[in-house]
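A.B. asks: The file below is query_6.pdb, PDB, C-alpha atoms and all ligand atoms:
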```pdb
ATOM      1  CA  MET D   1     -64.839 -16.771  28.283
ATOM      2  CA  ARG D   2     -62.133 -18.603  30.110
ATOM      3  CA  GLY D   3     -58.673 -18.993  28.634
ATOM      4  CA  SER D   4     -56.868 -22.149  27.765
ATOM      5  CA  GLY D   5     -57.185 -23.803  31.152
ATOM      6  CA  PHE D   6     -59.386 -26.566  29.833
ATOM      7  CA  GLY D   7     -59.215 -29.292  27.274
ATOM      8  CA  THR D   8     -60.389 -27.741  24.063
ATOM      9  CA  ASP D   9     -63.087 -30.133  22.882
ATOM     10  CA  GLY D  10     -64.271 -30.822  26.380
ATOM     11  CA  PHE D  11     -64.771 -27.185  26.989
ATOM     12  CA  SER D  12     -66.437 -26.090  23.794
ATOM     13  CA  ASN D  13     -68.731 -28.990  24.401
ATOM     14  CA  VAL D  14     -69.537 -27.826  27.870
ATOM     15  CA  ASN D  15     -70.243 -24.327  26.663
ATOM     16  CA  ASP D  16     -72.747 -25.721  24.216
ATOM     17  CA  ILE D  17     -74.398 -27.713  26.852
ATOM     18  CA  PHE D  18     -74.607 -24.898  29.296
ATOM     19  CA  SER D  19     -76.067 -22.401  26.904
ATOM     20  CA  HIS D  20     -78.667 -24.997  26.095
ATOM     21  CA  PHE D  21     -79.011 -25.784  29.746
ATOM     22  CA  SER D  22     -79.886 -22.267  30.807
ATOM     23  CA  ASP D  23     -83.208 -22.520  28.982
ATOM     24  CA  ILE D  24     -84.271 -25.622  30.756
ATOM     25  CA  PHE D  25     -82.568 -25.150  34.076
ATOM     26  CA  GLY D  26     -84.441 -26.657  36.943
ATOM     27  CA  GLY D  27     -87.011 -28.300  34.721
ATOM     28  CA  SER D  28     -87.685 -31.923  35.414
ATOM     29  CA  SER D  29     -87.872 -32.683  31.743
ATOM     30  CA  ILE D  30     -84.260 -31.994  30.870
ATOM     31  CA  PHE D  31     -83.602 -35.644  30.209
ATOM     32  CA  ASP D  32     -86.640 -36.107  28.060
ATOM     33  CA  GLU D  33     -85.306 -33.323  25.971
ATOM     34  CA  PHE D  34     -81.985 -35.045  25.716
ATOM     35  CA  PHE D  35     -83.180 -38.509  25.018
ATOM     36  CA  GLY D  36     -86.130 -37.408  22.964
ATOM     37  CA  GLY D  37     -84.110 -37.783  19.823
ATOM     38  CA  SER D  38     -84.902 -34.615  17.922
ATOM     39  CA  GLN D  39     -81.556 -33.119  18.723
ATOM     40  CA  ARG D  40     -79.706 -36.345  18.179
ATOM     41  CA  GLY D  41     -81.371 -37.048  14.902
ATOM     42  CA  ARG D  42     -80.226 -33.741  13.516
ATOM     43  CA  SER D  43     -76.674 -33.886  14.737
ATOM     44  CA  ARG D  44     -75.899 -37.467  13.908
ATOM     45  CA  ARG D  45     -75.137 -38.808  10.479
ATOM     46  CA  ARG D  46     -76.953 -41.985   9.600
ATOM     47  CA  GLY D  47     -74.350 -44.674   8.930
ATOM     48  CA  PRO D  48     -74.579 -48.458   8.708
ATOM     49  CA  GLY D  49     -76.170 -50.488  11.489
ATOM     50  CA  THR D  50     -78.298 -49.101  14.277
ATOM     51  CA  PRO D  51     -77.066 -46.258  16.530
ATOM     52  CA  GLY D  52     -76.106 -47.160  20.095
ATOM     53  CA  SER D  53     -78.079 -45.759  22.970
ATOM     54  CA  ASP D  54     -76.964 -42.963  25.289
ATOM     55  CA  LEU D  55     -75.819 -43.636  28.835
ATOM     56  CA  ARG D  56     -76.258 -41.476  31.878
ATOM     57  CA  VAL D  57     -73.825 -41.385  34.777
ATOM     58  CA  ASN D  58     -73.938 -39.351  37.968
ATOM     59  CA  LEU D  59     -70.636 -37.864  39.040
ATOM     60  CA  LYS D  60     -70.176 -36.776  42.654
ATOM     61  CA  LEU D  61     -67.907 -33.776  43.120
ATOM     62  CA  THR D  62     -66.544 -32.100  46.219
ATOM     63  CA  LEU D  63     -66.530 -28.317  46.517
ATOM     64  CA  GLU D  64     -62.721 -28.467  46.300
ATOM     65  CA  GLU D  65     -63.031 -30.172  42.902
ATOM     66  CA  ILE D  66     -65.684 -27.746  41.717
ATOM     67  CA  ALA D  67     -63.643 -24.718  42.841
ATOM     68  CA  VAL D  68     -60.896 -25.245  40.273
ATOM     69  CA  GLY D  69     -62.216 -27.966  37.950
ATOM     70  CA  ILE D  70     -60.902 -31.491  37.652
ATOM     71  CA  SER D  71     -60.221 -34.200  35.127
ATOM     72  CA  LYS D  72     -61.609 -37.575  36.213
ATOM     73  CA  LYS D  73     -61.497 -41.066  34.806
ATOM     74  CA  ILE D  74     -64.454 -43.286  35.612
ATOM     75  CA  LYS D  75     -65.362 -46.856  34.760
ATOM     76  CA  ILE D  76     -68.728 -47.575  33.208
ATOM     77  CA  ARG D  77     -70.485 -50.706  31.984
ATOM     78  CA  LYS D  78     -71.381 -50.384  28.346
ATOM     79  CA  GLN D  79     -71.750 -52.191  25.078
ATOM     80  CA  VAL D  80     -68.475 -52.080  23.194
ATOM     81  CA  LYS D  81     -67.584 -53.166  19.686
ATOM     82  CA  CYS D  82     -67.029 -56.919  19.352
ATOM     83  CA  ASN D  83     -63.425 -57.439  18.304
ATOM     84  CA  ASP D  84     -63.994 -60.941  16.926
ATOM     85  CA  CYS D  85     -66.127 -59.632  14.066
ATOM     86  CA  ASN D  86     -64.899 -56.036  14.163
ATOM     87  CA  GLY D  87     -68.418 -54.914  14.968
ATOM     88  CA  THR D  88     -70.012 -56.329  11.805
ATOM     89  CA  GLY D  89     -71.838 -59.186  13.588
ATOM     90  CA  ALA D  90     -70.739 -61.634  10.886
ATOM     91  CA  GLN D  91     -68.622 -64.676  11.752
ATOM     92  CA  ALA D  92     -65.024 -64.166  10.641
ATOM     93  CA  GLY D  93     -64.601 -65.250   7.025
ATOM     94  CA  THR D  94     -68.287 -64.843   6.229
ATOM     95  CA  SER D  95     -69.955 -61.813   4.842
ATOM     96  CA  LEU D  96     -73.297 -60.059   4.895
ATOM     97  CA  LYS D  97     -75.988 -61.275   2.562
ATOM     98  CA  THR D  98     -78.890 -59.544   0.942
ATOM     99  CA  CYS D  99     -81.937 -59.427   3.193
ATOM    100  CA  PRO D 100     -84.433 -62.017   1.936
ATOM    101  CA  VAL D 101     -87.425 -60.065   3.200
ATOM    102  CA  CYS D 102     -86.863 -56.789   1.337
ATOM    103  CA  ASN D 103     -84.434 -58.122  -1.286
ATOM    104  CA  GLY D 104     -81.900 -55.502  -0.271
ATOM    105  CA  ALA D 105     -84.216 -52.509  -0.597
ATOM    106  CA  GLY D 106     -84.274 -51.858   3.150
ATOM    107  CA  GLU D 107     -87.965 -51.065   2.992
ATOM    108  CA  VAL D 108     -91.148 -53.032   2.643
ATOM    109  CA  LYS D 109     -94.141 -51.854   0.659
ATOM    110  CA  THR D 110     -97.612 -52.975   1.665
ATOM    111  CA  VAL D 111    -100.719 -52.232  -0.334
ATOM    112  CA  SER D 112    -104.132 -52.172   1.292
ATOM    113  CA  ARG D 113    -107.475 -51.581  -0.307
ATOM    114  CA  SER D 114    -110.507 -50.002   1.232
ATOM    115  CA  VAL D 115    -113.669 -48.301   0.099
ATOM    116  CA  PHE D 116    -111.644 -45.070  -0.190
ATOM    117  CA  GLY D 117    -109.198 -46.611  -2.598
ATOM    118  CA  GLN D 118    -105.774 -48.140  -2.506
ATOM    119  CA  PHE D 119    -103.214 -47.251   0.145
ATOM    120  CA  VAL D 120     -99.520 -47.840  -0.294
ATOM    121  CA  ASN D 121     -97.555 -47.959   2.899
ATOM    122  CA  ILE D 122     -93.748 -48.024   2.877
ATOM    123  CA  GLN D 123     -91.933 -48.994   6.049
ATOM    124  CA  ALA D 124     -88.344 -49.767   6.987
ATOM    125  CA  CYS D 125     -87.756 -53.505   6.792
ATOM    126  CA  ASN D 126     -87.926 -55.110  10.247
ATOM    127  CA  ASN D 127     -85.728 -58.024   9.317
ATOM    128  CA  CYS D 128     -82.669 -55.901   8.459
ATOM    129  CA  GLN D 129     -83.610 -52.646  10.238
ATOM    130  CA  GLY D 130     -83.584 -50.906   6.899
ATOM    131  CA  GLU D 131     -80.017 -51.841   6.046
ATOM    132  CA  GLY D 132     -80.872 -54.195   3.173
ATOM    133  CA  GLN D 133     -78.312 -56.719   4.375
ATOM    134  CA  VAL D 134     -78.312 -59.321   7.104
ATOM    135  CA  VAL D 135     -75.617 -61.400   8.731
ATOM    136  CA  GLY D 136     -75.373 -64.760   6.954
ATOM    137  CA  SER D 137     -73.538 -66.585   9.703
ATOM    138  CA  PRO D 138     -73.623 -64.649  13.005
ATOM    139  CA  CYS D 139     -70.451 -64.096  15.042
ATOM    140  CA  LYS D 140     -70.446 -66.533  17.960
ATOM    141  CA  THR D 141     -69.020 -64.032  20.424
ATOM    142  CA  CYS D 142     -71.720 -61.381  20.021
ATOM    143  CA  ALA D 143     -74.498 -63.489  18.451
ATOM    144  CA  GLY D 144     -74.528 -61.227  15.409
ATOM    145  CA  ASP D 145     -75.035 -58.002  17.358
ATOM    146  CA  GLY D 146     -71.548 -56.625  16.660
ATOM    147  CA  ARG D 147     -71.053 -55.564  20.280
ATOM    148  CA  ILE D 148     -70.613 -57.075  23.709
ATOM    149  CA  ASP D 149     -71.116 -55.923  27.310
ATOM    150  CA  ASN D 150     -67.909 -54.728  28.869
ATOM    151  CA  GLU D 151     -66.348 -52.170  31.140
ATOM    152  CA  ALA D 152     -64.811 -49.016  29.710
ATOM    153  CA  THR D 153     -62.972 -46.066  31.170
ATOM    154  CA  ILE D 154     -64.035 -42.599  30.162
ATOM    155  CA  LYS D 155     -62.329 -39.318  30.895
ATOM    156  CA  ILE D 156     -64.412 -36.391  32.055
ATOM    157  CA  ASP D 157     -62.994 -32.864  32.089
ATOM    158  CA  VAL D 158     -65.140 -31.144  34.679
ATOM    159  CA  PRO D 159     -64.914 -27.356  34.317
ATOM    160  CA  ALA D 160     -64.709 -25.233  37.453
ATOM    161  CA  GLY D 161     -67.923 -23.692  38.717
ATOM    162  CA  VAL D 162     -70.445 -26.394  37.804
ATOM    163  CA  GLU D 163     -73.511 -26.758  39.992
ATOM    164  CA  ASP D 164     -75.521 -29.672  41.271
ATOM    165  CA  GLY D 165     -77.701 -30.924  38.410
ATOM    166  CA  ASN D 166     -75.585 -29.410  35.612
ATOM    167  CA  TYR D 167     -74.590 -31.918  32.994
ATOM    168  CA  MET D 168     -72.297 -32.356  30.046
ATOM    169  CA  THR D 169     -72.387 -34.704  27.088
ATOM    170  CA  ILE D 170     -69.429 -36.756  25.994
ATOM    171  CA  ARG D 171     -70.041 -37.530  22.364
ATOM    172  CA  GLY D 172     -69.520 -41.037  21.083
ATOM    173  CA  GLU D 173     -68.692 -42.627  24.455
ATOM    174  CA  GLY D 174     -72.083 -44.280  24.988
ATOM    175  CA  ASN D 175     -73.111 -47.772  23.882
ATOM    176  CA  SER D 176     -71.599 -48.937  20.608
ATOM    177  CA  GLY D 177     -73.994 -49.113  17.703
ATOM    178  CA  LYS D 178     -75.415 -52.398  16.559
ATOM    179  CA  ARG D 179     -73.403 -53.895  13.660
ATOM    180  CA  GLY D 180     -71.202 -50.869  13.118
ATOM    181  CA  GLY D 181     -73.803 -48.194  13.918
ATOM    182  CA  GLN D 182     -72.833 -44.848  15.423
ATOM    183  CA  PRO D 183     -72.104 -44.985  19.157
ATOM    184  CA  GLY D 184     -74.357 -43.181  21.621
ATOM    185  CA  ASP D 185     -73.263 -40.417  24.014
ATOM    186  CA  VAL D 186     -72.575 -40.359  27.725
ATOM    187  CA  LEU D 187     -74.508 -37.789  29.675
ATOM    188  CA  VAL D 188     -72.646 -36.893  32.860
ATOM    189  CA  VAL D 189     -74.785 -35.333  35.572
ATOM    190  CA  PHE D 190     -72.849 -33.493  38.296
ATOM    191  CA  GLN D 191     -73.744 -33.926  41.934
ATOM    192  CA  GLU D 192     -72.295 -31.642  44.559
ATOM    193  CA  SER D 193     -71.321 -33.338  47.831
ATOM    194  CA  HIS D 194     -72.170 -31.717  51.117
ATOM    195  CA  HIS D 195     -69.133 -30.074  52.736
ATOM    196  CA  GLU D 196     -68.443 -30.277  56.447
ATOM    197  CA  HIS D 197     -67.088 -26.694  56.767
ATOM    198  CA  PHE D 198     -68.391 -24.667  53.868
ATOM    199  CA  ILE D 199     -71.689 -23.527  52.445
ATOM    200  CA  ARG D 200     -71.862 -22.575  48.785
ATOM    201  CA  ASP D 201     -73.751 -19.473  47.684
ATOM    202  CA  LYS D 202     -73.426 -19.365  43.886
ATOM    203  CA  ASP D 203     -69.652 -18.963  43.467
ATOM    204  CA  ASN D 204     -69.086 -17.606  46.962
ATOM    205  CA  ILE D 205     -68.181 -19.784  49.900
ATOM    206  CA  ILE D 206     -69.438 -19.052  53.381
ATOM    207  CA  TYR D 207     -67.353 -20.050  56.374
ATOM    208  CA  ASN D 208     -68.228 -19.734  60.049
ATOM    209  CA  LEU D 209     -65.137 -18.718  62.052
ATOM    210  CA  PHE D 210     -64.830 -18.798  65.835
ATOM    211  CA  ILE D 211     -62.236 -16.558  67.444
ATOM    212  CA  THR D 212     -61.518 -15.924  71.121
ATOM    213  CA  PHE D 213     -62.474 -12.789  73.064
ATOM    214  CA  PRO D 214     -58.796 -11.701  73.281
ATOM    215  CA  GLN D 215     -58.426 -12.110  69.494
ATOM    216  CA  ALA D 216     -61.577 -10.059  68.900
ATOM    217  CA  ALA D 217     -60.496  -7.370  71.360
ATOM    218  CA  LEU D 218     -56.804  -7.168  70.481
ATOM    219  CA  GLY D 219     -56.896  -8.113  66.796
ATOM    220  CA  ALA D 220     -55.090 -11.144  65.345
ATOM    221  CA  GLU D 221     -53.921 -13.030  62.281
ATOM    222  CA  VAL D 222     -55.771 -16.336  62.126
ATOM    223  CA  GLU D 223     -55.470 -19.343  59.852
ATOM    224  CA  VAL D 224     -58.665 -20.121  57.927
ATOM    225  CA  PRO D 225     -59.363 -23.137  55.700
ATOM    226  CA  THR D 226     -60.302 -22.387  52.080
ATOM    227  CA  LEU D 227     -61.148 -24.662  49.164
ATOM    228  CA  THR D 228     -57.575 -24.366  47.921
ATOM    229  CA  GLY D 229     -55.763 -24.745  51.250
ATOM    230  CA  LYS D 230     -55.165 -22.705  54.359
ATOM    231  CA  ALA D 231     -54.930 -18.913  54.217
ATOM    232  CA  MET D 232     -54.292 -16.159  56.746
ATOM    233  CA  LEU D 233     -57.035 -13.730  57.704
ATOM    234  CA  LYS D 234     -56.554 -10.459  59.572
ATOM    235  CA  ILE D 235     -58.902  -9.758  62.461
ATOM    236  CA  ASP D 236     -59.044  -6.048  63.255
ATOM    237  CA  VAL D 237     -58.837  -4.679  66.791
ATOM    238  CA  GLY D 238     -62.331  -4.596  68.309
ATOM    239  CA  THR D 239     -63.997  -6.958  65.816
ATOM    240  CA  GLN D 240     -67.633  -7.572  66.760
ATOM    241  CA  PRO D 241     -69.353 -10.978  66.593
ATOM    242  CA  GLY D 242     -71.346 -11.348  63.399
ATOM    243  CA  LYS D 243     -68.889  -9.301  61.345
ATOM    244  CA  MET D 244     -68.552 -10.562  57.760
ATOM    245  CA  LEU D 245     -65.060 -10.553  56.307
ATOM    246  CA  LYS D 246     -64.352 -11.085  52.633
ATOM    247  CA  MET D 247     -61.425 -13.167  51.375
ATOM    248  CA  LYS D 248     -61.331 -12.012  47.779
ATOM    249  CA  GLY D 249     -61.054 -14.630  45.051
ATOM    250  CA  LYS D 250     -61.030 -17.524  47.528
ATOM    251  CA  GLY D 251     -64.370 -18.886  46.316
ATOM    252  CA  ILE D 252     -65.277 -20.935  43.248
ATOM    253  CA  ARG D 253     -64.007 -20.079  39.783
ATOM    254  CA  HIS D 254     -66.837 -18.810  37.585
ATOM    255  CA  LEU D 255     -68.065 -21.229  34.931
ATOM    256  CA  ASN D 256     -68.693 -18.897  32.034
ATOM    257  CA  TYR D 257     -66.481 -15.902  32.703
ATOM    258  CA  SER D 258     -63.109 -15.166  34.221
ATOM    259  CA  GLY D 259     -62.392 -14.742  37.898
ATOM    260  CA  SER D 260     -63.586 -16.427  41.051
ATOM    261  CA  GLY D 261     -66.091 -15.868  43.811
ATOM    262  CA  ASP D 262     -65.042 -14.888  47.321
ATOM    263  CA  GLN D 263     -64.928 -16.617  50.641
ATOM    264  CA  ILE D 264     -67.194 -14.838  53.101
ATOM    265  CA  VAL D 265     -66.134 -15.379  56.701
ATOM    266  CA  GLN D 266     -68.694 -14.817  59.408
ATOM    267  CA  VAL D 267     -66.876 -14.045  62.673
ATOM    268  CA  ASN D 268     -68.170 -15.490  65.923
ATOM    269  CA  VAL D 269     -66.659 -14.977  69.356
ATOM    270  CA  ALA D 270     -66.341 -18.177  71.347
ATOM    271  CA  ILE D 271     -67.269 -17.872  75.007
ATOM    272  CA  PRO D 272     -65.437 -20.405  77.223
ATOM    273  CA  GLN D 273     -67.785 -22.840  78.921
ATOM    274  CA  LYS D 274     -65.392 -24.274  81.483
ATOM    275  CA  LEU D 275     -63.199 -22.051  83.630
ATOM    276  CA  ASN D 276     -60.868 -22.828  86.481
ATOM    277  CA  SER D 277     -60.797 -20.580  89.530
ATOM    278  CA  LYS D 278     -57.813 -18.564  88.348
ATOM    279  CA  GLU D 279     -59.518 -17.844  85.033
ATOM    280  CA  LYS D 280     -62.741 -16.894  86.810
ATOM    281  CA  ASP D 281     -60.825 -14.462  89.005
ATOM    282  CA  LEU D 282     -59.096 -12.875  86.025
ATOM    283  CA  ILE D 283     -62.351 -12.449  84.118
ATOM    284  CA  LYS D 284     -64.001 -10.935  87.204
ATOM    285  CA  GLN D 285     -61.126  -8.484  87.493
ATOM    286  CA  LEU D 286     -61.390  -7.736  83.804
ATOM    287  CA  SER D 287     -65.134  -7.186  84.084
ATOM    288  CA  GLU D 288     -64.525  -4.287  86.473
ATOM    289  CA  MET D 289     -62.350  -2.430  83.964
ATOM    290  CA  PRO D 290     -64.125   0.657  82.642
ATOM    291  CA  ASN D 291     -63.775  -0.230  78.923
ATOM    292  CA  VAL D 292     -64.984  -3.781  79.477
ATOM    293  CA  LYS D 293     -67.731  -3.061  81.988
ATOM    294  CA  SER D 294     -70.362  -1.634  79.675
ATOM    295  CA  SER D 295     -71.687  -3.287  76.563
ATOM    296  CA  SER D 296     -74.151  -0.492  75.850
ATOM    297  CA  GLU D 297     -72.010   1.204  73.158
ATOM    298  CA  SER D 298     -71.598  -1.861  70.987
ATOM    299  CA  GLU D 299     -75.182  -2.932  71.607
ATOM    300  CA  LYS D 300     -76.422   0.376  70.319
ATOM    301  CA  LYS D 301     -74.116   0.359  67.303
ATOM    302  CA  ASP D 302     -75.022  -3.181  66.412
ATOM    303  CA  PHE D 303     -78.748  -2.687  66.801
ATOM    304  CA  PHE D 304     -78.981   0.423  64.650
ATOM    305  CA  SER D 305     -76.571  -0.799  62.002
ATOM    306  CA  LYS D 306     -78.738  -3.889  61.469
ATOM    307  CA  PHE D 307     -81.503  -1.610  60.298
ATOM    308  CA  GLY D 308     -79.147   0.541  58.264
ATOM    309  CA  LEU D 309     -79.393   3.508  60.673
TER     310      LEU D 309
HETATM  311 ZN    ZN Z 401     -68.889 -60.379  17.069
HETATM  312 ZN    ZN Z 402     -84.660 -56.207   4.835
END
```
Is it possible to give me this structure as structure tokens?
C.D. replies:
Amino acid sequence: MRGSGFGTDGFSNVNDIFSHFSDIFGGSSIFDEFFGGSQRGRSRRRGPGTPGSDLRVNLKLTLEEIAVGISKKIKIRKQVKCNDCNGTGAQAGTSLKTCPVCNGAGEVKTVSRSVFGQFVNIQACNNCQGEGQVVGSPCKTCAGDGRIDNEATIKIDVPAGVEDGNYMTIRGEGNSGKRGGQPGDVLVVFQESHHEHFIRDKDNIIYNLFITFPQAALGAEVEVPTLTGKAMLKIDVGTQPGKMLKMKGKGIRHLNYSGSGDQIVQVNVAIPQKLNSKEKDLIKQLSEMPNVKSSSESEKKDFFSKFGL
């Protein structure tokens, strides 16, 4: 469990979501599950009015943002409470009146007869949606709905380490309920943007580094980009192409436990493609040196080590 680095409600929320998420990871039906209502019905108290619907937004994140987490504010279109009637749907100065269809009961009883006997069917009243009251004189601004379309800003505390397709729920930030009903939720689905230098492997970051032949042969300190800025990396004397170097803790912070992944640097040796005559001469001279002349030693080492021999 991570410490206090994150907003408290945001984070406990995310933990909930992710434990739930692990069961349905990768399934295409994750949204059915969410919008299906069984979970909502249980967790939400039935108040006045009709509950607002949930909204879904996609949030693009860079690997830099994912590495350490980020708090973002985004604008969404949603139904918000009408201020002119304070969400009641009734014109200011007027009040609700008893529903004439169900006489305030909120339900309608129908009796049908058949050869099997008499059936009594009780249903929520359609005229008042089961509330027992209707707006006598509807608010002109919202036409009695109690809400209007508008733009709203929501804050999203993205924890570090999320993956493409992970989501979190922000309770109560969805569409306002009809005539004072409970608001819906906003479901934020994370999308990971492609990075021009890095490849993600779980919480590790893979980087392809090119060094020169002199750096590989003589050793060097080189500057390497990481998700949190530039860092120095030591290249040992005689480093072979293909060598993997680990920059500990320079990857992505883990989502559900402490610590971070690593940056894995694959070392490549760049061979110059254009040489002037002086450079050609020098390389020819170099190629006659006994320690440079033969590649057989490193070939052998490389070949056998690939097969673990
Ligand atoms: Zn209104
Ligand atoms: Zn009614």
A.B. asks: Can you build me a table of chain D residues sitting at most 9 Å from ligand ZN 401 (chain Z), with the closest atom pair per residue and its distance in Å to one decimal, using only C-alpha atoms and all ligand atoms, sorted by chain and residue number, as JSON lines?
C.D. replies:
```
{"residue": "D:Lys81", "atom": "CA", "partner": "Z:ZN401", "partner_atom": "ZN", "distance": 7.8}
{"residue": "D:Cys82", "atom": "CA", "partner": "Z:ZN401", "partner_atom": "ZN", "distance": 4.5}
{"residue": "D:Asn83", "atom": "CA", "partner": "Z:ZN401", "partner_atom": "ZN", "distance": 6.3}
{"residue": "D:Asp84", "atom": "CA", "partner": "Z:ZN401", "partner_atom": "ZN", "distance": 4.9}
{"residue": "D:Cys85", "atom": "CA", "partner": "Z:ZN401", "partner_atom": "ZN", "distance": 4.1}
{"residue": "D:Asn86", "atom": "CA", "partner": "Z:ZN401", "partner_atom": "ZN", "distance": 6.6}
{"residue": "D:Gly87", "atom": "CA", "partner": "Z:ZN401", "partner_atom": "ZN", "distance": 5.9}
{"residue": "D:Thr88", "atom": "CA", "partner": "Z:ZN401", "partner_atom": "ZN", "distance": 6.7}
{"residue": "D:Gly89", "atom": "CA", "partner": "Z:ZN401", "partner_atom": "ZN", "distance": 4.7}
{"residue": "D:Ala90", "atom": "CA", "partner": "Z:ZN401", "partner_atom": "ZN", "distance": 6.6}
{"residue": "D:Gln91", "atom": "CA", "partner": "Z:ZN401", "partner_atom": "ZN", "distance": 6.8}
{"residue": "D:Ala92", "atom": "CA", "partner": "Z:ZN401", "partner_atom": "ZN", "distance": 8.4}
{"residue": "D:Pro138", "atom": "CA", "partner": "Z:ZN401", "partner_atom": "ZN", "distance": 7.6}
{"residue": "D:Cys139", "atom": "CA", "partner": "Z:ZN401", "partner_atom": "ZN", "distance": 4.5}
{"residue": "D:Lys140", "atom": "CA", "partner": "Z:ZN401", "partner_atom": "ZN", "distance": 6.4}
{"residue": "D:Thr141", "atom": "CA", "partner": "Z:ZN401", "partner_atom": "ZN", "distance": 5.0}
{"residue": "D:Cys142", "atom": "CA", "partner": "Z:ZN401", "partner_atom": "ZN", "distance": 4.2}
{"residue": "D:Ala143", "atom": "CA", "partner": "Z:ZN401", "partner_atom": "ZN", "distance": 6.6}
{"residue": "D:Gly144", "atom": "CA", "partner": "Z:ZN401", "partner_atom": "ZN", "distance": 5.9}
{"residue": "D:Asp145", "atom": "CA", "partner": "Z:ZN401", "partner_atom": "ZN", "distance": 6.6}
{"residue": "D:Gly146", "atom": "CA", "partner": "Z:ZN401", "partner_atom": "ZN", "distance": 4.6}
{"residue": "D:Arg147", "atom": "CA", "partner": "Z:ZN401", "partner_atom": "ZN", "distance": 6.2}
{"residue": "D:Ile148", "atom": "CA", "partner": "Z:ZN401", "partner_atom": "ZN", "distance": 7.6}
{"residue": "D:Arg179", "atom": "CA", "partner": "Z:ZN401", "partner_atom": "ZN", "distance": 8.6}
```
A.B. asks: Counting only C-alpha atoms and all ligand atoms, what are the residues, protein, DNA or RNA alike, that approach ligand ZN 402 (chain Z) to within 6 Å? I want them as an MDAnalysis selection string.
C.D. replies: chainID D and resid 99 101:102 104 106 125 127:128 130 132
A.B. asks: For atom CA of Val188 of chain D and atom CA of Ile252 of chain D, quote the distance in Å rounded to one decimal.
C.D. replies: 20.4 Å
A.B. asks: From the options D:Lys248, D:Lys72, D:Lys278, D:Lys109, which residue's atoms come nearest to Gln123 of chain D, counting all atoms listed in the file?
C.D. replies: D:Lys109
A.B. asks: Need the shell around Val237 of chain D: protein/DNA/RNA residues with any atom at most 10 Å away, counting only C-alpha atoms. Skip same-chain ones fewer than 3 positions apart. Format as a PyMOL selection string?
C.D. replies: chain D and resi 214-220+234+240
